[in-house]
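J.: Enclosed is the structure file protein.txt (compact mmCIF, C-alpha atoms (C1' of nucleotides)).
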```
# COMPACT_ATOMS: atom_id res chain seq x y z
CA MET A 442 0.00 0.00 0.00
CA PHE A 443 1.27 3.44 -0.93
CA LYS A 444 0.11 6.79 0.38
CA VAL A 445 1.36 10.20 -0.65
CA ILE A 446 1.67 12.29 2.51
CA LYS A 447 2.92 15.50 1.02
CA ASN A 448 2.77 16.56 -2.61
CA ASN A 449 4.23 19.97 -3.23
CA LYS A 450 4.08 20.28 -7.00
CA LYS A 451 6.26 17.33 -7.95
CA LEU A 452 8.21 17.06 -4.70
CA ARG A 453 6.64 13.99 -3.11
CA HIS A 454 6.88 12.42 0.29
CA GLY A 455 4.97 9.24 1.04
CA LEU A 456 4.77 5.95 2.89
CA VAL A 457 4.87 2.43 1.48
CA LYS A 458 3.58 -0.38 3.66
CA THR A 459 5.11 -3.74 2.85
CA PRO A 460 4.88 -7.13 4.59
CA HIS A 461 8.31 -6.46 6.10
CA GLY A 462 7.95 -2.85 7.15
CA VAL A 463 7.14 0.68 6.17
CA LEU A 464 9.32 2.73 3.84
CA GLU A 465 9.38 6.49 3.49
CA THR A 466 9.61 7.75 -0.09
CA PRO A 467 11.68 8.68 -1.93
CA PHE A 468 14.13 5.91 -1.05
CA PHE A 469 17.16 4.13 -2.48
CA MET A 470 17.70 0.38 -2.48
CA PRO A 471 21.20 -1.06 -2.96
CA ASP A 472 21.38 -4.07 -5.24
CA ALA A 473 21.80 -7.40 -3.47
CA THR A 474 21.40 -9.19 -6.78
CA ARG A 475 22.50 -12.59 -5.55
CA ALA A 476 21.02 -12.12 -2.07
CA TYR A 477 23.97 -10.24 -0.64
CA VAL A 478 25.27 -6.71 -0.80
CA LYS A 479 28.78 -7.30 -2.04
CA GLN A 480 31.35 -6.86 0.73
CA LEU A 481 28.86 -6.18 3.54
CA THR A 482 27.12 -8.08 6.30
CA ASN A 483 23.45 -7.19 6.85
CA LYS A 484 24.43 -5.38 10.02
CA GLU A 485 26.86 -3.21 8.10
CA THR A 486 24.29 -2.55 5.37
CA LEU A 487 21.81 -1.38 8.00
CA GLU A 488 24.42 0.96 9.50
CA THR A 489 24.50 2.89 6.24
CA GLY A 490 20.83 3.77 6.69
CA THR A 491 19.63 1.20 4.15
CA LYS A 492 16.09 -0.11 4.75
CA ALA A 493 15.32 -2.19 1.66
CA LEU A 494 17.26 -4.24 -0.91
CA VAL A 495 16.81 -5.44 -4.49
CA VAL A 496 17.39 -9.09 -5.31
CA ASN A 497 17.23 -10.60 -8.77
CA THR A 498 15.02 -13.39 -10.04
CA PHE A 499 17.34 -14.33 -12.89
CA HIS A 500 20.46 -14.69 -10.75
CA LEU A 501 18.79 -16.48 -7.84
CA TYR A 502 16.94 -18.82 -10.17
CA LEU A 503 20.29 -19.91 -11.64
CA GLN A 504 22.22 -19.87 -8.35
CA PRO A 505 21.60 -21.30 -5.82
CA GLY A 506 18.33 -22.28 -7.51
CA LEU A 507 14.74 -22.08 -6.33
CA ALA A 508 14.75 -25.44 -4.60
CA VAL A 509 17.32 -24.18 -2.11
CA ILE A 510 15.55 -20.89 -1.46
CA LYS A 511 12.18 -22.57 -1.01
CA LYS A 512 13.74 -25.03 1.38
CA ALA A 513 15.26 -22.12 3.31
CA GLY A 514 11.77 -20.63 3.59
CA GLY A 515 12.23 -17.73 1.17
CA VAL A 516 14.94 -15.17 0.49
CA HIS A 517 14.37 -13.28 3.74
CA LYS A 518 15.24 -16.33 5.76
CA PHE A 519 17.91 -17.50 3.34
CA MET A 520 19.85 -14.24 3.66
CA ASN A 521 18.60 -13.40 7.15
CA TRP A 522 17.24 -10.00 6.11
CA SER A 523 14.13 -8.88 7.96
CA GLY A 524 13.43 -5.65 6.06
CA PRO A 525 11.59 -5.13 2.78
CA LEU A 526 12.91 -6.82 -0.35
CA LEU A 527 12.14 -6.12 -3.97
CA SER A 528 12.86 -8.65 -6.68
CA ASP A 529 13.57 -7.67 -10.22
CA SER A 530 11.84 -9.89 -12.79
CA GLY A 531 15.01 -10.94 -14.57
CA GLY A 532 13.76 -9.40 -17.81
CA PHE A 533 16.57 -6.92 -18.04
CA GLN A 534 19.20 -9.63 -17.56
CA VAL A 535 17.69 -12.07 -20.04
CA PHE A 536 17.20 -9.41 -22.69
CA SER A 537 20.61 -7.84 -22.35
CA LEU A 538 22.08 -11.35 -22.55
CA ILE A 539 20.21 -12.06 -25.79
CA HIS A 540 20.65 -8.59 -27.30
CA ARG A 541 24.38 -8.82 -26.76
CA ASN A 542 24.59 -12.27 -28.29
CA SER A 543 21.65 -13.69 -30.20
CA ALA A 544 23.02 -17.21 -29.75
CA MET A 545 22.13 -16.92 -26.06
CA GLY A 546 18.40 -17.17 -26.60
CA LYS A 547 15.18 -16.51 -28.46
CA ILE A 548 12.31 -14.16 -27.75
CA ASN A 549 8.77 -14.63 -29.05
CA ASP A 550 5.40 -13.25 -28.05
CA ASP A 551 4.70 -16.12 -25.71
CA LYS A 552 7.97 -16.57 -23.87
CA VAL A 553 11.71 -16.15 -23.83
CA ILE A 554 14.14 -19.05 -24.04
CA PHE A 555 17.69 -18.45 -22.89
CA LYS A 556 20.92 -20.29 -22.28
CA SER A 557 22.41 -20.18 -18.83
CA PRO A 558 25.70 -18.24 -19.02
CA LEU A 559 26.96 -20.63 -16.34
CA ASP A 560 26.62 -23.99 -18.05
CA GLY A 561 24.79 -23.39 -21.34
CA SER A 562 21.66 -25.21 -20.19
CA LEU A 563 18.36 -24.05 -21.72
CA HIS A 564 15.72 -22.28 -19.65
CA GLU A 565 12.31 -20.88 -20.39
CA LEU A 566 10.87 -17.75 -18.85
CA THR A 567 7.23 -16.71 -19.19
CA PRO A 568 5.40 -13.85 -17.44
CA GLU A 569 3.59 -16.44 -15.31
CA LYS A 570 6.77 -18.24 -14.36
CA SER A 571 8.53 -15.01 -13.44
CA ILE A 572 5.69 -14.14 -11.03
CA GLN A 573 5.64 -17.65 -9.58
CA ILE A 574 9.36 -17.48 -8.93
CA GLN A 575 9.00 -14.13 -7.20
CA PHE A 576 6.30 -15.58 -4.94
CA ASP A 577 8.61 -18.46 -4.15
CA LEU A 578 11.28 -15.93 -3.26
CA GLY A 579 8.72 -14.41 -0.91
CA VAL A 580 9.60 -10.77 -1.60
CA ASP A 581 7.62 -7.67 -0.63
CA MET A 582 7.69 -6.01 -4.03
CA MET A 583 7.75 -7.70 -7.45
CA VAL A 584 8.23 -6.58 -11.00
CA CYS A 585 6.42 -7.85 -14.12
CA LEU A 586 8.49 -9.53 -16.80
CA ASP A 587 9.04 -6.94 -19.53
CA ASP A 588 10.65 -6.88 -22.97
CA CYS A 589 13.57 -4.56 -22.43
CA PRO A 590 14.99 -3.23 -25.72
CA PRO A 591 18.13 -1.11 -25.99
CA ASN A 592 17.22 2.57 -26.55
CA GLU A 593 18.95 2.52 -29.96
CA PHE A 594 16.48 -0.02 -31.35
CA SER A 595 14.45 1.02 -34.39
CA ARG A 596 10.96 2.42 -34.03
CA VAL A 597 9.43 -0.85 -35.23
CA ASP A 598 11.43 -2.91 -32.73
CA LEU A 599 10.54 -0.53 -29.90
CA GLU A 600 6.85 -0.76 -30.82
CA ARG A 601 7.01 -4.53 -30.69
CA ALA A 602 8.75 -4.45 -27.29
CA VAL A 603 6.09 -2.10 -25.92
CA ALA A 604 3.26 -4.31 -27.20
CA ARG A 605 4.89 -7.35 -25.66
CA THR A 606 5.56 -5.57 -22.37
CA ILE A 607 1.86 -4.63 -22.12
CA ALA A 608 0.65 -8.14 -23.01
CA TRP A 609 3.05 -9.71 -20.55
CA ALA A 610 2.07 -7.25 -17.80
CA LYS A 611 -1.53 -8.36 -18.23
CA ARG A 612 -0.51 -12.00 -17.87
CA CYS A 613 1.62 -11.14 -14.84
CA LYS A 614 -1.31 -9.40 -13.17
CA ILE A 615 -3.56 -12.41 -13.71
CA GLU A 616 -0.93 -14.79 -12.36
CA PHE A 617 -0.33 -12.43 -9.42
CA GLU A 618 -4.01 -12.47 -8.42
CA LYS A 619 -4.04 -16.24 -8.78
CA GLN A 620 -1.05 -16.64 -6.47
CA ILE A 621 -2.50 -14.21 -3.92
CA LYS A 622 -5.63 -16.35 -3.65
CA LYS A 623 -3.76 -19.63 -3.68
CA ARG A 624 -1.34 -18.51 -0.96
CA ARG A 625 -3.98 -16.55 0.96
CA LEU A 626 -1.87 -13.41 1.15
CA ASN A 627 -4.35 -10.83 2.38
CA GLY A 628 -3.99 -7.34 3.79
CA LEU A 629 -0.46 -6.48 4.82
CA LYS A 630 0.87 -9.84 3.69
CA LYS A 631 0.08 -8.99 0.09
CA PRO A 632 3.16 -7.95 -1.89
CA LEU A 633 3.20 -4.95 -4.21
CA LEU A 634 3.34 -5.42 -7.98
CA PHE A 635 5.13 -3.14 -10.43
CA ALA A 636 4.86 -2.93 -14.20
CA VAL A 637 7.59 -1.42 -16.38
CA VAL A 638 7.14 1.36 -18.92
CA GLN A 639 9.15 0.80 -22.10
CA GLY A 640 9.41 2.80 -25.34
CA GLY A 641 13.06 3.81 -25.60
CA ALA A 642 13.51 7.50 -26.31
CA GLU A 643 10.17 7.76 -28.18
CA LEU A 644 7.89 9.82 -26.02
CA ASP A 645 4.59 8.72 -27.60
CA LEU A 646 5.55 5.08 -27.09
CA ARG A 647 6.30 5.73 -23.44
CA GLU A 648 2.94 7.46 -23.09
CA ASN A 649 1.05 4.66 -24.81
CA CYS A 650 2.83 2.02 -22.75
CA ALA A 651 2.11 3.83 -19.48
CA GLN A 652 -1.57 4.36 -20.34
CA GLU A 653 -2.12 0.72 -21.21
CA LEU A 654 -0.36 -0.48 -18.06
CA VAL A 655 -2.42 1.90 -15.91
CA LYS A 656 -5.59 0.42 -17.39
CA ILE A 657 -4.49 -2.98 -16.11
CA GLY A 658 -3.69 -1.46 -12.74
CA PHE A 659 -0.55 -1.88 -10.62
CA ASP A 660 0.78 -0.61 -7.30
CA GLY A 661 3.65 1.07 -9.10
CA TYR A 662 5.26 1.65 -12.47
CA GLY A 663 8.92 1.49 -13.35
CA PHE A 664 11.04 3.24 -15.91
CA GLY A 665 12.49 0.58 -18.21
CA ALA A 666 15.77 0.41 -20.12
CA ARG A 667 18.91 2.41 -19.45
CA PRO A 668 18.28 6.04 -18.53
CA VAL A 669 21.18 7.22 -20.68
CA ASP A 670 21.73 7.14 -24.43
CA LYS A 671 24.70 5.47 -26.06
CA ASP A 672 26.83 8.58 -25.51
CA GLY A 673 26.01 8.62 -21.80
CA ASN A 674 23.57 11.55 -21.98
CA PHE A 675 20.78 11.39 -19.40
CA LEU A 676 17.32 11.07 -21.00
CA GLU A 677 15.99 13.94 -18.90
CA ASN A 678 12.94 14.82 -20.96
CA ILE A 679 11.86 11.19 -21.34
CA LEU A 680 12.18 10.60 -17.59
CA GLU A 681 10.26 13.75 -16.76
CA LYS A 682 7.37 13.06 -19.12
CA THR A 683 7.17 9.38 -18.22
CA ALA A 684 6.72 10.34 -14.56
CA GLU A 685 3.80 12.50 -15.62
CA PHE A 686 2.19 9.55 -17.42
CA ILE A 687 2.05 7.66 -14.10
CA PRO A 688 -0.87 8.44 -11.74
CA GLU A 689 -0.01 10.46 -8.65
CA ASN A 690 -1.21 7.84 -6.20
CA SER A 691 1.03 5.15 -7.71
CA LEU A 692 4.65 4.47 -6.89
CA ARG A 693 7.17 5.56 -9.48
CA PHE A 694 10.20 3.31 -9.61
CA ALA A 695 13.26 4.55 -11.50
CA LEU A 696 14.98 1.23 -12.14
CA GLY A 697 18.74 1.32 -12.27
CA ILE A 698 19.04 5.04 -11.52
CA GLY A 699 21.59 6.23 -10.96
CA THR A 700 24.26 8.79 -10.26
CA PRO A 701 23.57 11.12 -7.31
CA GLU A 702 22.83 13.86 -9.82
CA ASP A 703 20.35 11.69 -11.73
CA ILE A 704 18.57 10.70 -8.51
CA LEU A 705 18.26 14.35 -7.49
CA ARG A 706 16.82 15.25 -10.88
CA CYS A 707 14.42 12.29 -10.91
CA SER A 708 13.18 12.93 -7.38
CA LYS A 709 12.21 16.43 -8.50
CA MET A 710 10.18 14.88 -11.32
CA GLY A 711 8.22 12.79 -8.84
CA TRP A 712 10.09 9.47 -8.94
CA ASP A 713 9.85 7.67 -5.59
CA MET A 714 12.11 4.65 -5.71
CA PHE A 715 15.64 4.06 -6.91
CA ASP A 716 18.13 1.23 -7.14
CA CYS A 717 21.55 1.20 -8.72
CA VAL A 718 24.87 -0.61 -8.74
CA ILE A 719 26.84 2.62 -8.86
CA PRO A 720 27.55 3.15 -5.13
CA THR A 721 28.62 -0.45 -4.57
CA ARG A 722 30.38 -1.19 -7.86
CA GLU A 723 32.20 2.10 -8.11
CA GLY A 724 33.15 1.77 -4.46
CA ARG A 725 34.78 -1.57 -5.17
CA HIS A 726 36.72 0.11 -7.95
CA GLY A 727 37.96 2.90 -5.70
CA ARG A 728 35.63 5.80 -6.42
CA LEU A 729 34.28 7.49 -3.29
CA PHE A 730 31.33 9.86 -3.09
CA ARG A 731 31.42 12.64 -0.54
CA PHE A 732 29.52 15.81 0.23
CA ASN A 733 31.05 19.26 -0.01
CA LYS A 734 30.18 21.75 2.70
CA ASN A 735 27.53 23.42 0.51
CA LYS A 736 25.54 20.19 -0.01
CA THR A 737 26.99 19.63 -3.48
CA TYR A 738 29.07 16.50 -3.85
CA LYS A 739 32.25 15.29 -5.48
CA THR A 740 33.92 12.01 -6.21
CA LEU A 741 37.47 10.97 -5.55
CA ASN A 742 39.53 8.11 -6.86
CA ILE A 743 41.25 6.65 -3.81
CA ASN A 744 43.77 4.92 -6.08
CA ASN A 745 45.32 8.26 -7.03
CA ALA A 746 48.85 8.85 -5.79
CA LYS A 747 47.82 12.11 -4.15
CA PHE A 748 46.24 10.12 -1.30
CA LEU A 749 49.46 8.26 -0.46
CA ALA A 750 50.03 10.36 2.66
CA ASP A 751 46.68 12.08 3.11
CA PHE A 752 45.92 11.39 6.76
CA THR A 753 42.55 13.13 6.86
CA ALA A 754 39.57 10.93 7.69
CA ILE A 755 37.62 9.03 5.05
CA ASN A 756 34.55 10.86 6.39
CA ILE A 757 34.87 12.77 9.64
CA GLY A 758 31.09 13.21 9.83
CA SER A 759 30.23 9.53 9.32
CA ARG A 760 28.02 7.55 11.70
CA ILE A 761 30.28 4.58 10.98
CA THR A 762 33.28 4.43 13.27
CA GLU A 763 35.66 2.95 10.72
CA LEU A 764 34.97 5.74 8.21
CA LYS A 765 35.49 8.35 10.91
CA ARG A 766 38.72 6.88 12.25
CA HIS A 767 40.56 5.50 9.19
CA SER A 768 42.48 7.88 6.97
CA LEU A 769 42.39 8.28 3.20
CA ALA A 770 46.06 7.25 3.15
CA TYR A 771 45.16 3.96 4.85
CA LEU A 772 42.30 3.35 2.41
CA HIS A 773 44.66 4.14 -0.48
CA HIS A 774 47.08 1.58 0.94
CA LEU A 775 44.33 -1.06 1.21
CA PHE A 776 43.40 -0.53 -2.44
CA LYS A 777 47.04 -0.69 -3.56
CA MET A 778 47.39 -3.95 -1.67
CA ASN A 779 44.18 -5.19 -3.30
CA GLU A 780 42.85 -5.91 0.17
CA SER A 781 39.10 -6.49 0.26
CA LEU A 782 38.81 -4.48 3.47
CA GLY A 783 39.34 -1.45 1.23
CA GLN A 784 36.38 -2.44 -0.94
CA LYS A 785 34.26 -2.87 2.16
CA LEU A 786 35.11 0.58 3.54
CA ALA A 787 34.47 2.22 0.15
CA THR A 788 31.13 0.40 -0.17
CA LEU A 789 30.11 1.53 3.32
CA ASN A 790 31.13 5.10 2.50
CA ASN A 791 29.15 5.17 -0.74
CA LEU A 792 26.00 3.57 0.63
CA GLU A 793 25.99 5.94 3.59
CA PHE A 794 26.42 8.81 1.12
CA TYR A 795 23.47 7.62 -0.99
CA GLN A 796 21.24 7.13 2.05
CA ASP A 797 22.18 10.56 3.38
CA LEU A 798 21.43 12.02 -0.03
CA LEU A 799 17.94 10.46 -0.01
CA ALA A 800 17.34 11.51 3.61
CA GLY A 801 18.12 15.06 2.52
CA ILE A 802 15.65 14.80 -0.36
CA ARG A 803 12.94 13.50 1.99
CA ARG A 804 13.57 16.35 4.45
CA ASN A 805 13.35 18.83 1.61
CA ASN A 806 10.17 17.29 0.17
CA LYS A 807 8.41 17.27 3.57
CA ASN A 808 8.80 21.03 3.93
C1' G B 1444 92.74 -18.94 -9.13
C1' U B 1445 90.82 -21.57 -13.87
C1' G B 1446 86.77 -22.68 -17.20
C1' C B 1447 81.75 -21.91 -18.81
C1' C B 1448 77.08 -19.10 -18.81
C1' C B 1449 74.26 -14.56 -18.10
C1' A B 1450 73.41 -8.92 -18.12
C1' U B 1451 67.11 -5.53 -22.15
C1' G B 1452 61.96 -0.22 -18.39
C1' G B 1453 60.40 -0.63 -11.26
C1' U B 1454 59.85 -6.44 -11.88
C1' G B 1455 59.73 -10.85 -15.15
C1' U B 1456 60.61 -12.01 -20.07
C1' A B 1457 60.76 -11.43 -26.10
C1' G B 1458 63.71 -9.84 -30.13
C1' U B 1459 66.99 -7.66 -33.97
C1' G B 1460 73.58 -5.31 -37.83
C1' G B 1461 69.09 -0.05 -39.49
C1' U B 1462 67.94 2.44 -31.64
C1' A B 1463 63.13 -2.44 -29.43
C1' A B 1464 57.92 -6.04 -28.06
C1' C B 1465 54.74 -8.36 -24.20
C1' A B 1466 52.90 -9.03 -19.14
C1' C B 1467 52.72 -7.17 -14.32
C1' A B 1468 53.68 -2.78 -11.45
C1' G B 1469 53.22 2.84 -12.01
C1' C B 1470 50.16 7.14 -13.61
C1' A B 1471 45.17 8.58 -15.14
C1' G B 1472 40.15 7.83 -17.10
C1' G B 1473 35.51 4.76 -17.40
C1' U B 1474 31.38 1.89 -14.94
C1' U B 1475 23.28 3.72 -14.42
C1' G B 1476 16.96 -3.12 -13.36
C1' U B 1477 25.84 -5.67 -10.61
C1' G B 1478 31.73 -7.08 -14.58
C1' G B 1479 34.05 -8.48 -6.61
C1' U B 1480 39.05 -10.96 -10.95
C1' C B 1481 36.16 -5.74 -15.84
C1' C B 1482 37.32 -2.01 -19.80
C1' U B 1483 40.27 2.30 -22.06
C1' G B 1484 44.35 5.41 -22.36
C1' U B 1485 49.45 6.57 -20.82
C1' U B 1486 54.76 6.92 -18.69
C1' A B 1487 59.24 4.25 -18.64
C1' U B 1488 64.33 0.14 -21.04
C1' C B 1489 69.25 -2.35 -24.27
C1' G B 1490 75.31 -2.44 -17.29
C1' A B 1491 80.24 0.69 -18.47
C1' G B 1492 84.26 1.55 -21.91
C1' A B 1493 86.92 0.49 -26.43
C1' G B 1494 87.00 -1.84 -31.38
C1' U B 1495 84.87 -3.59 -36.38
C1' U B 1496 81.04 -1.10 -39.52
C1' C B 1497 77.85 3.83 -43.38
C1' A B 1498 75.22 2.05 -38.98
C1' A B 1499 76.18 -1.88 -32.71
C1' U B 1500 71.22 -3.23 -28.02
C1' U B 1501 72.86 -7.17 -31.54
C1' C B 1502 79.60 -8.99 -33.64
C1' U B 1503 84.83 -8.72 -30.94
C1' C B 1504 87.78 -7.30 -26.60
C1' U B 1505 88.33 -5.23 -21.61
C1' C B 1506 85.97 -3.95 -17.19
C1' U B 1507 81.96 -4.29 -13.65
C1' G B 1508 78.11 -7.21 -11.52
C1' G B 1509 75.56 -12.08 -11.01
C1' G B 1510 75.34 -17.60 -11.51
C1' C B 1511 77.46 -22.70 -12.15
C1' A B 1512 81.56 -26.20 -12.18
C1' C B 1513 86.59 -27.46 -10.88
C1' C B 1514 91.09 -26.54 -7.83
```
Show me the file's structure as structure tokens.

T.:
Amino acid sequence: MFKVIKNNKKLRHGLVKTPHGVLETPFFMPDATRAYVKQLTNKETLETGTKALVVNTFHLYLQPGLAVIKKAGGVHKFMNWSGPLLSDSGGFQVFSLIHRNSAMGKINDDKVIFKSPLDGSLHELTPEKSIQIQFDLGVDMMVCLDDCPPNEFSRVDLERAVARTIAWAKRCKIEFEKQIKKRRLNGLKKPLLFAVVQGGAELDLRENCAQELVKIGFDGYGFGARPVDKDGNFLENILEKTAEFIPENSLRFALGIGTPEDILRCSKMGWDMFDCVIPTREGRHGRLFRFNKNKTYKTLNINNAKFLADFTAINIGSRITELKRHSLAYLHHLFKMNESLGQKLATLNNLEFYQDLLAGIRRNNKN
RNA sequence: GUGCCCAUGGUGUAGUGGUAACACAGCAGGUUGUGGUCCUGUUAUCGAGAGUUCAAUUCUCUCUGGGCACC
């Protein structure tokens, strides 16, 4: 259940009730694709201010496999996470796999068949199966299987992907209702369901896709495909208009977004939910995010030689003791030694930065 | 002491009578529904001296340094 508490033009503040707790919007979810945030224990993840995580259907289906997760009693129990979890449908992964290499699978209107990148075995994914898997995972928020085309696809190909995404969303909704009844998940136990708006950089396709999905009716709607073009330019206008195509009382989920700047921009357009690999992945590669005094931010590459003897703190204002006490010079040393403790500290730093960024947006939107 | 072998960037190795290549390290970029090991640039080298030659990192000699064997 989602309720907008404050709506000042497009600056939104709201509450999402999920089976595993309430979330204030807008919020950011780190990606725990394979049921772990890389480098961190759950306790450490919580210390960054993180409330909810994203896991991935595609990855968990392949490893460790559904049998194991069902036996564990769901992903929450498997990974010992008691907060809200969202699962991605796996559509993005399957389609990027096939679009990169057509030998990896086939897509038709009914289903998608793909080869496991792990052992080459063949698997079939349908909208119904994707929803069933997500119920087996036992997550709080699920995403419909969508046909996710690269933004550079031709108009005709984008149209076909939109048509398929709508048809599949309908099938997902039907399967969702079926599973709800079958599993008797009423009231607060009922997960939220999201559909994904496709259409590349063609505004009318985005509008059409959103309208058709709204007719079917979902708790929230996501922005599909990469939010940047092939030159790395942010699709600002497309994001802004797509948010407007989504009803005000629905959740707006900006999948895979993004840089701190992109999240700031999107939150001003009325997007409520974000997830991205940037803070964790870039952290592992040595890029740190930090605030300037005037609330702007900058990044630094801890690998750079200029940090060799920089004994200032990683983040003097951090709530996390290690970030407050350890110096940049020490972190530089850990990275030069290829010591995973360095990746952990950088991940902690970046997730705390992202959560502080979102907390700031929420404060701003409340007032 | 005698004999033999070796010497190429920071490290480990290619190679050639027309001034040198690769890997790692270094330096710096990149990463948007996860590439933990990824990608892209970039800096830097023929131990010293003499000889042969139009030309030597390459051939010869001496020296220096290192290794092996023998006494």

J.: With all atoms listed in the file counted and 6 Å as the cut-off, give the residues of chain A in contact with chain B, each with its shortest interatomic distance in Å and the pair that gives it, as a tab-separated table.

T.:
```
residue	atom	partner	partner_atom	distance
A:Leu696	CA	B:G1476	C1'	4.9
A:Gly697	CA	B:G1476	C1'	4.9
A:Ile698	CA	B:U1475	C1'	5.3
A:Gly699	CA	B:U1475	C1'	4.6
A:Val718	CA	B:U1477	C1'	5.5
```

J.: Taking 6 positions as the minimum chain separation for residues in the same chain, which residues sit within 12 Å of A:Pro668 when counting only C-alpha atoms (C1' of nucleotides)? Answer as a VMD selection string.

T.: (chain A and resid 591 to 593 639 to 642 674 to 681 683 695 to 700 703 to 704 707 717) or (chain B and resid 1475 to 1476)

J.: Mind pulling up the distance from atom CA of A:Ala636 to atom CA of A:Lys619?

T.: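 Distance reported for this atom pair: 16.9 Å.
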
J.: Measure the distance from atom CA of A:Ser523 to atom CA of A:Leu452 in Å and round it to one decimal.

T.: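 Pair atom CA of A:Ser523 / atom CA of A:Leu452 returns 29.5 Å.
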
J.: So how many Å separate atom CA of A:Leu481 and atom CA of A:Leu633, to one decimal?

T.: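 Between atom CA of A:Leu481 and atom CA of A:Leu633 the gap is 26.8 Å.
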
J.: Taking 5 positions as the minimum chain separation for residues in the same chain, which residues sit within 10 Å of A:Phe499 when counting all atoms listed in the file? Answer as a CSV table (one decimal) with C-alpha atoms, in the coordinates of the input.

T.:
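File produced: part.csv:
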```
chain,number,residue,atom,x,y,z
A,474,THR,CA,21.4,-9.2,-6.8
A,475,ARG,CA,22.5,-12.6,-5.6
A,504,GLN,CA,22.2,-19.9,-8.4
A,506,GLY,CA,18.3,-22.3,-7.5
A,528,SER,CA,12.9,-8.6,-6.7
A,529,ASP,CA,13.6,-7.7,-10.2
A,530,SER,CA,11.8,-9.9,-12.8
A,531,GLY,CA,15.0,-10.9,-14.6
A,532,GLY,CA,13.8,-9.4,-17.8
A,533,PHE,CA,16.6,-6.9,-18.0
A,534,GLN,CA,19.2,-9.6,-17.6
A,535,VAL,CA,17.7,-12.1,-20.0
A,557,SER,CA,22.4,-20.2,-18.8
A,566,LEU,CA,10.9,-17.8,-18.8
A,571,SER,CA,8.5,-15.0,-13.4
A,574,ILE,CA,9.4,-17.5,-8.9
```

J.: Between B:C1447, B:C1502, B:G1472, B:G1490, which is the closest to B:G1460 once you count only C-alpha atoms (C1' of nucleotides)?

T.: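 The closest residue to B:G1460 is B:C1502.
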
J.: I'd like the contact shell of B:A1512 - 12 Å cut-off, only C-alpha atoms (C1' of nucleotides), skipping same-chain residues fewer than 5 positions apart - returned as JSON, numbers by chain.

T.: {"B": [1445, 1446, 1447, 1448]}

J.: Write the selection just made, keeping C-alpha atoms (C1' of nucleotides), as a PDB file, keeping the file's coordinate frame?

T.:
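Listed below is the output, out.pdb:
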```pdb
ATOM      1  C1'   U B1445      90.820 -21.570 -13.870  1.00  0.00           C
ATOM      2  C1'   G B1446      86.770 -22.680 -17.200  1.00  0.00           C
ATOM      3  C1'   C B1447      81.750 -21.910 -18.810  1.00  0.00           C
ATOM      4  C1'   C B1448      77.080 -19.100 -18.810  1.00  0.00           C
TER       5        C B1448
END
```

J.: Complete the atoms of stretch 552-563 of chain A to N, CA and C atoms and put them out as a PDB file, keeping the file's coordinate frame.

T.:
```pdb
ATOM      1  N   LYS A 552       6.970 -16.302 -24.909  1.00  0.00           N
ATOM      2  CA  LYS A 552       7.970 -16.570 -23.870  1.00  0.00           C
ATOM      3  C   LYS A 552       9.370 -16.211 -24.357  1.00  0.00           C
ATOM      4  N   VAL A 553      10.320 -16.333 -23.458  1.00  0.00           N
ATOM      5  CA  VAL A 553      11.710 -16.150 -23.830  1.00  0.00           C
ATOM      6  C   VAL A 553      12.493 -17.396 -23.397  1.00  0.00           C
ATOM      7  N   ILE A 554      13.315 -17.882 -24.340  1.00  0.00           N
ATOM      8  CA  ILE A 554      14.140 -19.050 -24.040  1.00  0.00           C
ATOM      9  C   ILE A 554      15.581 -18.577 -24.022  1.00  0.00           C
ATOM     10  N   PHE A 555      16.298 -18.916 -22.965  1.00  0.00           N
ATOM     11  CA  PHE A 555      17.690 -18.450 -22.890  1.00  0.00           C
ATOM     12  C   PHE A 555      18.612 -19.551 -22.390  1.00  0.00           C
ATOM     13  N   LYS A 556      19.886 -19.366 -22.731  1.00  0.00           N
ATOM     14  CA  LYS A 556      20.920 -20.290 -22.280  1.00  0.00           C
ATOM     15  C   LYS A 556      21.544 -19.748 -21.006  1.00  0.00           C
ATOM     16  N   SER A 557      21.716 -20.605 -20.036  1.00  0.00           N
ATOM     17  CA  SER A 557      22.410 -20.180 -18.830  1.00  0.00           C
ATOM     18  C   SER A 557      23.852 -19.813 -19.175  1.00  0.00           C
ATOM     19  N   PRO A 558      24.311 -18.611 -18.769  1.00  0.00           N
ATOM     20  CA  PRO A 558      25.700 -18.240 -19.020  1.00  0.00           C
ATOM     21  C   PRO A 558      26.658 -19.111 -18.200  1.00  0.00           C
ATOM     22  N   LEU A 559      26.114 -19.828 -17.223  1.00  0.00           N
ATOM     23  CA  LEU A 559      26.960 -20.630 -16.340  1.00  0.00           C
ATOM     24  C   LEU A 559      27.342 -21.957 -16.977  1.00  0.00           C
ATOM     25  N   ASP A 560      26.315 -22.658 -17.528  1.00  0.00           N
ATOM     26  CA  ASP A 560      26.620 -23.990 -18.050  1.00  0.00           C
ATOM     27  C   ASP A 560      25.979 -24.255 -19.421  1.00  0.00           C
ATOM     28  N   GLY A 561      25.360 -23.213 -20.017  1.00  0.00           N
ATOM     29  CA  GLY A 561      24.790 -23.390 -21.340  1.00  0.00           C
ATOM     30  C   GLY A 561      23.451 -24.113 -21.374  1.00  0.00           C
ATOM     31  N   SER A 562      22.947 -24.498 -20.211  1.00  0.00           N
ATOM     32  CA  SER A 562      21.660 -25.210 -20.190  1.00  0.00           C
ATOM     33  C   SER A 562      20.530 -24.275 -20.605  1.00  0.00           C
ATOM     34  N   LEU A 563      19.479 -24.853 -21.225  1.00  0.00           N
ATOM     35  CA  LEU A 563      18.360 -24.050 -21.720  1.00  0.00           C
ATOM     36  C   LEU A 563      17.303 -23.832 -20.650  1.00  0.00           C
TER      37      LEU A 563
END
```
